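Asks: Structure below; questions to follow.
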Amino acid sequence: MQIFPCPFCGARPEAEFHFAGELGKVRPDTVAQVNPEDWTAYLYAQRNEKGAVREVWMHTTCAELFMMERDSVTMAVVASKSLRKVAS
Amino acid sequence: MSRHYSALTLLREGLRGNRGWAKAWRTSKPKASYDVVIIGGGGHGLATAYYLAKNHGINNVAVLEKGWLGGGNTGRNTTVIRSNYFYPESAALYDLSVRLYEKLSRDLNYNVMFSQRGMVVTAHSAPEMEMAARQVNAMRLNGVDAELLDREQVRKLVPILNFGPDMRHPVHGGVLQPRAGTGRHDAVAWGYARAADTAGVDIIQNCEVRDFITAGGRCVGVHTAQGDIRAGVVGAAVAGHSSALVAKAGLDLPITSYALQAFVSEPLKPVLDTVVLCPPFGTYLSQSDKGGLVIGGGLDRVPSYGQRGNMPVQEHILAGLVEMMPALAKVKLLRHWAGIVDVTPDSSPILGQSGVDGLMLNCGWGTGGFKAIPAGGYLFAHLLATGTHHEISRPFDRDRFVTGRLIDEGAASGIAH
Amino acid sequence: MTSHRTARTALIDRSKPLNFIFDGKPFQGVAGDTIASALLANGVRVMGRSFKYHRPRGPWGAWVDDPNAIMSVSLDGRAFPNCPATTTPLVGGMQVRAVNAFPSAQFDIKGGLDLFRRWLGAGFYYKTFMWPDWHLFEPLIRKMAGLGDVSRDVLDGYCSDQVYDDCDVLVIGGGAAGLVAAHSAAVAGQGVVLVDDHPVLGGGLHQRTMVEGIIPAEWIAAQVAGIAAAGGRILRATTAFGIYDHRMVALAENGPFGTAPRLHRMRAGRIILATGALDRPVTFANNDRPGIMSIDAAGEYLARYGVCVGRRIAMVSNNSNADAAQKMLREAGADVLRIDPSKGAFCAVGGKHLKGIAQNGTRTAADTILASGGMTPLVHLWRHAGGKLDWCADRQAFFPAAAPEGMCVIGAANGTFDLASALDEARAAVAGEQILRAATTYRLSPLWPEPGSKGRQWIDFQHDVTLKDIELAARENYVSVEHLKRYTTLGMASDQGKTSNMAGLAAMAAIKGKPLPEVGTTTFRPPFVPVPLALYHGGHGGQLWSPLKRLALEPQHRAAGAAMGEYGGWLRPGWYGGGNAPELIHGEALMARASAGIVDASPLGKIEVMGPDAEAFVNFIYYNTIKTLKPGHIRYGFMLTEGGVIMDDGVIARLDRNRFVISCSSSHVDTVRSHLEAWRQDGNDLDRIFIHDVTQHWATITIAGPKAREIVRGLGLDLDLSAGAFAHMTLREAQFDGAPLRVAWVSFTGDTSFELSIRRTGVAGLWDAVTAIGKDAGAGPIGIEALSILRAEKGYIMVGKDTDGETMPHDLGFGIPRLKKKTAFLGDRSLHSEKASAAGRKSLVGLTVPFGAVALPTGAHVVEGKRSAGYVTSSYDSPTLGHPIALGLVENGAARLGESVEVWHLGAIRHATICAACFFDAEGERLHAE
């Protein structure tokens with residue numbers, strides 16, 4: 001049972017979390033023209049790195065999404081950070 | 001010296017102290033170039049080499065394996081062979097594989113022990129029985145053997161399932177594929193390796209591919225731990241490492257690599273004669289010829305190259321087994337391990353051009369690569385030899401993600417993808 | 001005192017004899033014995049048969065390192081397969097049988113298989129059984145394989161506890177080093193847990209006469225007392241069987257025989273491994289004979305159980321540990337002769353009964369051979385955690401090297417075999433000092449298998465892998481360590497290679513002329529010892545596996561005679577009444593069309609979306625245009641995946657400018673809620689949109705039918721319910737019994753229908769009122785089954801039943817937003833992919849059958865020749881219409897109304913006609929009735 005650090009709730013067991021995808025995908029503006037290759041890349045392309053990864057996770061208990069840096073070989077957790085924009 | 005395997009040669013060599021057996025494969029050093037270089041010495045890569053030689057007369061081929069052949073997912077799976085899929089494209093693909101498996105021991109002259117003991121996927125409610133009917137009809141219309149079983153028929157086939165009143169998800173019936181079954185996974189890799197080697201293919205172990213050699217945007221070879229090797233065409237069959245490999249060619253893939261765990265119990269006298277999957281528990285199992293129960297279930301949904309999973313999934317899968325078959329609570333787990341599975345958005349494989357000329361892909365088999373080894377090899381050989389798709393592999397080209405023509409078997413298999 | 005039991009102090013209670021039966025014969029042991037020690041005490045040597053050749057075998061080891069003595073054990077009518085005799089505590093009344101031997105271990109009819117050894121070597125089955133068919137040979141092979149038989153009985157009460165546990169320092173192994181480490185750490189104020197797999201701590205200390213000047217039992221007791229006094233915990237008879245990511249250690253705490261172990265999921269701040277080392281076998285001719293044991297095992301049998309394993313013992317050792325053992329055995333009354341392995345090849349003489357040992361032509365009589373090829377540290381857990389190993393040439397073993405984070409290893413497991421050094425190491429580890437493997441008095445000369453040497457020499461005892469098998473593997477080029485193991489099956493037996501790994505590696509190294517570490521290192525997988533599946537199950541059985549969600553009105557439904565069933569994860573009324581179910585269901589449907597049906601619709605998802613940006617948000621989430629939805633109005637819509645496929649359907653109601661309620665399928669609530677949250681948090685101002693799942697706070701009663709309005713009027717709500725004032729697809733708020741009541745005019749059946757939603761705690765009163773009024777109007781409760789028919793009569797879909805993994809809204813006839821909606825929404829681009837725009841997509845249609853024909857089977861396919869062109873998704877006998885109706889997804893269906901098609905089911909062909917997916921009141925007049 002791995003421990004993941006929710007930025008809001010602290011260290012919690014992995015069963016409380018849900019992998020929500022790689023960090024960094026930006027939804028194309030679909031009001032404008034989007035070519036099929038770009039849409040496909042948005043939908044499906046993955047970096048899938050062996051080693052350092054940056055991912056979006058949801059802590060299902062508090063329903064907040066956050067960013068987690070991990071190592072996908074050693075399974076070490078490097079850092080976690082809220083995705084909320086800081087209020088200006 | 002005996003090369004051929006048979007009861008006769010076994011008898012003869014036994015009398016001579018077994019000193020006359022030939023090597024199963026040579027220990028080859030790589031040449032400077034080949035017509036075809038296959039990256040990945042697992043089942044798919046080795047089968048591809050075999051079919052290149054057998055079907056296309058091409059044996060100037062090297063299979064490059066970074067570790068020991070068959071050491072990746074081919075040596076880590078739960079050995080189930082089946083073609084109980086829904087879509088016609090999938091049926092064609094996986095049943096080609098089953099048909100090739102049916103003759104494989106003879107073709108390779110290596111006993112892969114394909115035991116066609118059947119596979120039943122149980123249904124546990126009226127709606128699930130409706131879906132089972134839809135599935136059986138789809139299979140039969142696709143030319144694949146399937147039977148719709150009622151509760152009593154499932155009980156006769158798998159008496160050790162829980163048919164008691166305390167069963168949380170009572171068995172209503174199920175889908176049986178009689179021709180499905182299990183095989184000896186290492187033997188499949190070794191059998192293909194030996195046959196390919198006999199045909200003249202160089203199998204080179206401990207030869208990691210570090211980078212691609214390109215010329216004018218085309219892939220013309222590979223940089224390896226044992227030097228540079230040029231190739232007329234390169235085929236990558238490296239499963240969970242596909243993304244990391246093709247990244248070196250500037251490509252990405254619609255793949256996420258996860259750990260898929262598998263389990264084996266202590267050896268027992270026969271207690272289960274078929275392969276069983278109970279979807280509400282997410283657990284499936286069979287009994288190997290050595291007597292161990294070989295058990296599997298869903299993924300650890302944490303992207304991973306670690307070849308190991310963690311306790312929550314272990315508990316879920318094995319607890320599911322105890323729910324399905326409470327008499328087995330006292331059976332002991334002997335060992336568990338994991339592979340790295342390359343999962344695509346529609347749980348169907350990717351076969352075809354990579355996007356870089358001279359580099360072709362065979363990947364994305366996810367949790368279902370072992371059953372497809374013969375078909376994957378057969379079709380990938382066709383691609384590498386002719387540069388074009390066989391009609392069976394065409395639907396699985398990566399362009400389906402652009403056209404939207406996904407072949408989403410996730411729901412069809414009942415196993416969490 | 002029995003024949004082999006001595007008077008030496010041991011950890012047994014001689015005053016408590018225990019009677020048991022082994023292979024049909026009665027024996028007696030004492031409390032504290034294992035099955036193996038009791039049998040040895042009685043002079044029983046043959047305790048099992050090997051897997052392949054059925055060679056007679058006795059125990060090699062005294063604990064987890066024994067591959068040979070595996071038993072089926074029955075106690076009190078409960079039978080357990082594959083119990084290792086060396087680790088199973090003896091209980092009076094046990095009936096013990098050697099596995100895979102018939103009729104007994106002593107006289108096994110399959111012993112003759114050994115005669116065929118020439119043809120049964122490694123991998124023989126890969127070379128034959130191909131013709132005519134593997135299936136001809138397989139049944140026999142399966143019967144011969146396997147060890148114990150598992151009884152088909154479900155054992156009552158065989159259930160594991162599971163606990164989450166944690167500590168600052170977990171010390172694994174309660175021998176000398178572990179005890180001192182645990183004691184030091186506890187005294188230093190750390191939260192310590194010490195685990196040891198024996199019932200009595202102390203490891204190998206019991207073999208000594210003194211430890212730090214006092215007798216072992218007292219020294220151990222002092223450590224234990226010190227640990228307890230400092231607040232440490234000790235778990236005895238507890239095996240640490242696996243280490244997982246983030247320092248989670250799995251512990252199996254064993255209770256009395258016949259009970260399932262307790263699982264501790266132990267999270268440790270630090271892990272100190274003090275797991276010890278074991279004697280490895282020596283490879284020589286006939287080294288598998290009963291009576292050949294490890295030197296350390298003989299020490300354990302004597303120290304723990306008072307059993308002297310032989311009277312005339314030949315001891316073969318390449319290392320300095322043998323002297324102490326020799327002394328100990330002589331003091332117990334045995335003749336012990338040392339055989340020097342460096343003087344020449346030797347072999348065991350004898351079959352079931354060992355006669356002696358022969359070397360250089362000289363035979364020495366002996367009833368027992370004790371052997372040690374050196375110490376192998378037990379590093380399994382280290383490897384589970386990803387720790388590295390280094391080969392140590394002067395100690396001829398793999399020792400722990402680079403440590404996993406938060407772990408260290410001490411004592412014999414670290415190659416520190418001297419007691420004083422081990423204790424120092426333990427103290428240093430606790431203090432956080434660097435552990436340097438101390439110089440040692442342990443000396444050995446290499447003693448490894450010699451390929452090409454004479455005689456049958458065993459490497460893996462249980463799987464019958466001999467040196468010749470390894471030579472064969474090398475000859476055939478299965479030379480990497482994993483190929484070697486898999487080809488020969490060495491290391492894959494139930495002892496998981498504890499006694500075979502090193503010899504196997506050494507043999508291959510010798511054959512290839514390479515140093516041993518170049519052949520490979522040893523990888524280990526959990527569990528360290530086999531553990532019962534019950535351990536992983538805990539008590540999460542039956543209803544606890546996936547608890548059903550329950551309705552607040554369940555008592556009322558039951559009182560009304562409901563047949564409750566599982567629907568979408570909820571326990572709901574399928575129908576009411578005890579009798580012929582199809583008749584009752586039909587009656588309910590007729591009643592609903594004639595007057596009204598009353599449905600508990602509480603499971604329907606209700607998720608509120610609130611805030612100034614809620615409108616833009618829901619407009620993005622939904623396929624349909626929602627921003628034009630006026631307050632007090634309701635719209636039917638679809639939520640799509642980004643792939644354009646329908647994820648869920650349902651109505652969305654706008655309560656006011658900044659407040660919406662999304663209704664979603666009862667089985668999809670969690671998924672939809674996660675989906676909404678994920679998109680909410682993607683780039684939006686989180687102070688301007690809020691999502692709140694209120695599904696379980698509101699209970700909903702739906703009254704559907706021509707008399708619905710009349711019934712709701714009877715409630716006396718302060719609402720104008722007339723058709724003019726209260727339009728279809730609108731919502732009003734009122735009060736019932738002082739509580740807020742939401743009244744929505746929305747229909748799932750095609751008749752006038754009001755959904756009344758009230759706080760869950762107030763629903764009982766509402767139900768009573770509605771049903772009483774309804775009764776007078778000829779209406780009554782209806783269940784899910786009848787509801788399913790009514791909605792199908794209108795062609796209203798159930799997502800996941802009438803839609804599949806490809807269905808998009810335009811396949812259901814809802815094509816306008818795809819073409820006209822101007823703002824971005826989820827799935828928008830995918831709706832225009834090549835596939836989405838292709839001709840021939842499956843669309844929702846109705847299907848009718850010829851007059852008098854029975855209903856089509858759900859799951860039947862519409863075919864064109866032998867090709868599937870779609871399938872039947874819902875099919876019922878409609879009481880309203882008096883004939884069967886069906887819905888299906890058919891290629892190009894919407895353009896083929898009136899066409900006759902073939903319907904295929906399990907080889908039989910039926911005929912049907914495609915029609916519009918609506919069989920009842922196509923004009924919708926009933927929806928607009930007064």
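Chain labels A, B, ... are given in the sequence in which chains occur in the structure tokens; within each chain residues are numbered consecutively from 1, and ligands are likewise numbered from 1 in the order shown.
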Please identify every residue of chain A that has at least one atom no farther than 12 Å from an atom of chain C, counting only C-alpha atoms, and for each give the shortest atom pair and the distance in Å to one decimal, arranged by chain then increasing number, as a tab-separated table.
Replies:
```
residue	atom	partner	partner_atom	distance
A:Met1	CA	C:Met248	CA	6.4
A:Gln2	CA	C:His246	CA	5.5
A:Ile3	CA	C:His246	CA	6.7
A:Phe4	CA	C:His246	CA	9.5
A:Ala11	CA	C:His246	CA	11.6
A:Arg12	CA	C:His246	CA	11.9
A:Pro13	CA	C:His246	CA	10.4
A:Glu14	CA	C:His246	CA	10.7
A:Phe17	CA	C:Ser674	CA	11.6
A:His18	CA	C:Ser674	CA	9.7
A:Phe19	CA	C:Ala678	CA	11.3
A:Ala20	CA	C:Ala678	CA	8.3
A:Gly21	CA	C:Ala678	CA	10.8
A:Leu23	CA	C:Asp682	CA	11.3
A:Gly24	CA	C:Asp682	CA	11.2
A:Lys25	CA	C:Asp682	CA	10.4
A:Val26	CA	C:Asp682	CA	9.4
A:Arg27	CA	C:Asp682	CA	9.6
A:Pro28	CA	C:Arg829	CA	9.7
A:Asp29	CA	C:Ala824	CA	7.6
A:Thr30	CA	C:Ala824	CA	5.7
A:Val31	CA	C:Ala824	CA	5.7
A:Ala32	CA	C:Ala824	CA	9.3
A:Gln33	CA	C:Arg829	CA	9.1
A:Val34	CA	C:Arg829	CA	7.7
A:Asn35	CA	C:Arg829	CA	9.2
A:Pro36	CA	C:Ser833	CA	7.6
A:Glu37	CA	C:Ser833	CA	10.9
A:Asp38	CA	C:Arg829	CA	10.6
A:Trp39	CA	C:Arg829	CA	7.4
A:Thr40	CA	C:Ser830	CA	9.0
A:Tyr42	CA	C:Glu642	CA	9.8
A:Leu43	CA	C:Glu642	CA	7.3
A:Tyr44	CA	C:Gly643	CA	9.8
A:Val56	CA	C:Ala678	CA	10.1
A:Trp57	CA	C:Ala678	CA	9.8
A:Met58	CA	C:Ala678	CA	8.0
A:His59	CA	C:Ser674	CA	10.3
A:Thr60	CA	C:Ser674	CA	7.9
A:Thr61	CA	C:Ser674	CA	10.7
A:Cys62	CA	C:Glu677	CA	10.4
A:Ala63	CA	C:Glu677	CA	6.9
A:Glu64	CA	C:Glu677	CA	7.7
A:Leu65	CA	C:Ala678	CA	6.9
A:Phe66	CA	C:Gln681	CA	9.6
A:Asp71	CA	C:Asp245	CA	11.8
A:Ser72	CA	C:Asp245	CA	11.6
A:Val73	CA	C:Gly386	CA	10.8
A:Thr74	CA	C:Asp245	CA	8.3
A:Met75	CA	C:Asp245	CA	6.8
A:Ala76	CA	C:His246	CA	7.4
A:Val77	CA	C:His246	CA	8.9
A:Ser82	CA	C:Gln681	CA	10.8
A:Leu83	CA	C:Gln681	CA	8.3
A:Arg84	CA	C:Gln681	CA	7.8
A:Lys85	CA	C:Asp685	CA	8.3
A:Val86	CA	C:Asp685	CA	10.5
A:Ala87	CA	C:Asp685	CA	9.7
```
Asks: Which residues are near region 56-62 of chain B? Cut-off 9 Å, only C-alpha atoms, ignore same chain within fewer than 4 positions. Put them as a list of chain:residue names.
Replies: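 In the requested format, the answer is B:Pro30, B:Lys31, B:Ser33, B:Tyr34, B:Asp35, B:Val36, B:Val37, B:Ile38, B:Ile39, B:Ala49, B:Tyr50, B:Tyr51, B:Leu52, B:Ala196, B:Ala199, B:Gly200, B:Val201, B:Asp202, B:Ile203, B:Ile204, B:Ala231, B:Ala381, B:His382, B:Ala385, B:Thr386.
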Asks: Do you have, as CSV, the list of residues of chain C lying at most 6 Å from chain B, each with its nearest atom pair and that distance in Å to one decimal, counting only C-alpha atoms and ordered by chain then number?
Replies:
```
residue,atom,partner,partner_atom,distance
C:Arg118,CA,B:Gly14,CA,4.9
C:Trp119,CA,B:Gly14,CA,5.1
C:Tyr126,CA,B:Asn111,CA,4.5
C:Lys127,CA,B:Tyr5,CA,4.7
C:Thr128,CA,B:Ser6,CA,5.0
C:Met130,CA,B:Asn111,CA,5.8
C:Arg142,CA,B:Asp289,CA,5.1
C:Ala145,CA,B:Lys290,CA,5.1
C:Gly146,CA,B:Leu268,CA,4.1
C:Leu147,CA,B:Leu268,CA,5.0
C:Gly148,CA,B:Leu268,CA,5.1
C:Asp149,CA,B:Lys269,CA,4.9
C:Arg152,CA,B:Ala327,CA,5.5
C:Asp153,CA,B:Ala327,CA,5.5
C:Val154,CA,B:Ala327,CA,4.2
C:Glu476,CA,B:Lys23,CA,3.8
C:Asn477,CA,B:Lys23,CA,5.4
C:Pro526,CA,B:Arg335,CA,5.8
C:Pro527,CA,B:Arg335,CA,5.9
C:Pro530,CA,B:Leu334,CA,4.7
C:Val531,CA,B:Lys332,CA,4.8
C:Pro532,CA,B:Lys332,CA,3.9
C:Leu533,CA,B:Ala329,CA,5.1
C:Ala534,CA,B:Ala329,CA,4.6
C:Tyr536,CA,B:Glu315,CA,4.7
C:His537,CA,B:Ala319,CA,4.0
C:Gly542,CA,B:Arg168,CA,4.9
C:Gln543,CA,B:Arg168,CA,5.9
C:Ser833,CA,B:Thr403,CA,5.7
C:Glu834,CA,B:Thr403,CA,4.9
C:Lys835,CA,B:Gly404,CA,5.2
C:Thr858,CA,B:Glu130,CA,5.7
C:Gly859,CA,B:Arg134,CA,3.8
C:Ala860,CA,B:Arg134,CA,6.0
C:Leu906,CA,B:Asn137,CA,6.0
```
Asks: May I have the residues within 6 Å of region 748-765 of chain C as a list in words, using only C-alpha atoms and disregarding those fewer than 3 positions away in the same chain?
Replies: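 Listed by chain and then number, they are His697, Trp698, Ala699, Thr700, Ile701, Thr702, Ile703, Ala704, Gly705, Pro706, Ala708, Leu741, Arg742, Val743, Ala744, Trp745, Asp768, Leu790, Arg791, Arg926 and Leu927 of chain C.
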Asks: With C-alpha atoms kept, could you save the residues just selected as a PDB file, in the first residue's frame?
Replies:
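Output (again-v1.pdb):
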```
ATOM      1  CA  HIS C 697     -29.929  13.389   0.804  1.00  0.00           C
ATOM      2  CA  TRP C 698     -33.026  13.569  -1.368  1.00  0.00           C
ATOM      3  CA  ALA C 699     -35.500  10.751  -1.689  1.00  0.00           C
ATOM      4  CA  THR C 700     -37.741  10.790  -4.728  1.00  0.00           C
ATOM      5  CA  ILE C 701     -41.189   9.357  -5.307  1.00  0.00           C
ATOM      6  CA  THR C 702     -42.441   9.358  -8.869  1.00  0.00           C
ATOM      7  CA  ILE C 703     -46.109   9.142  -9.715  1.00  0.00           C
ATOM      8  CA  ALA C 704     -46.502   8.252 -13.371  1.00  0.00           C
ATOM      9  CA  GLY C 705     -49.752   7.720 -15.237  1.00  0.00           C
ATOM     10  CA  PRO C 706     -52.941   9.442 -16.425  1.00  0.00           C
ATOM     11  CA  ALA C 708     -50.747  11.355 -11.634  1.00  0.00           C
ATOM     12  CA  LEU C 741     -40.434  19.545  -1.682  1.00  0.00           C
ATOM     13  CA  ARG C 742     -39.235  19.724  -5.270  1.00  0.00           C
ATOM     14  CA  VAL C 743     -41.880  18.779  -7.814  1.00  0.00           C
ATOM     15  CA  ALA C 744     -40.684  18.029 -11.325  1.00  0.00           C
ATOM     16  CA  TRP C 745     -42.995  17.232 -14.216  1.00  0.00           C
ATOM     17  CA  ASP C 768     -47.751   6.926   3.046  1.00  0.00           C
ATOM     18  CA  LEU C 790     -43.022   1.184 -19.775  1.00  0.00           C
ATOM     19  CA  ARG C 791     -39.978   3.189 -20.782  1.00  0.00           C
ATOM     20  CA  ARG C 926     -50.472  11.535 -23.289  1.00  0.00           C
ATOM     21  CA  LEU C 927     -47.681  13.868 -22.226  1.00  0.00           C
TER      22      LEU C 927
END
```
Asks: Quick one: of A:Ala79, A:Ala52, A:Ala15, A:Cys6, who's nearest to chain B, counting only C-alpha atoms?
Replies: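 Checking each candidate against chain B, we get A:Ala15 as the closest.
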Asks: State, in Å with one decimal place, the distance from CA of Ala772 (chain C) to CA of Ala563 (chain C).
Replies: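 Computing the Euclidean distance for CA of Ala772 (chain C) and CA of Ala563 (chain C) yields 20.6 Å.
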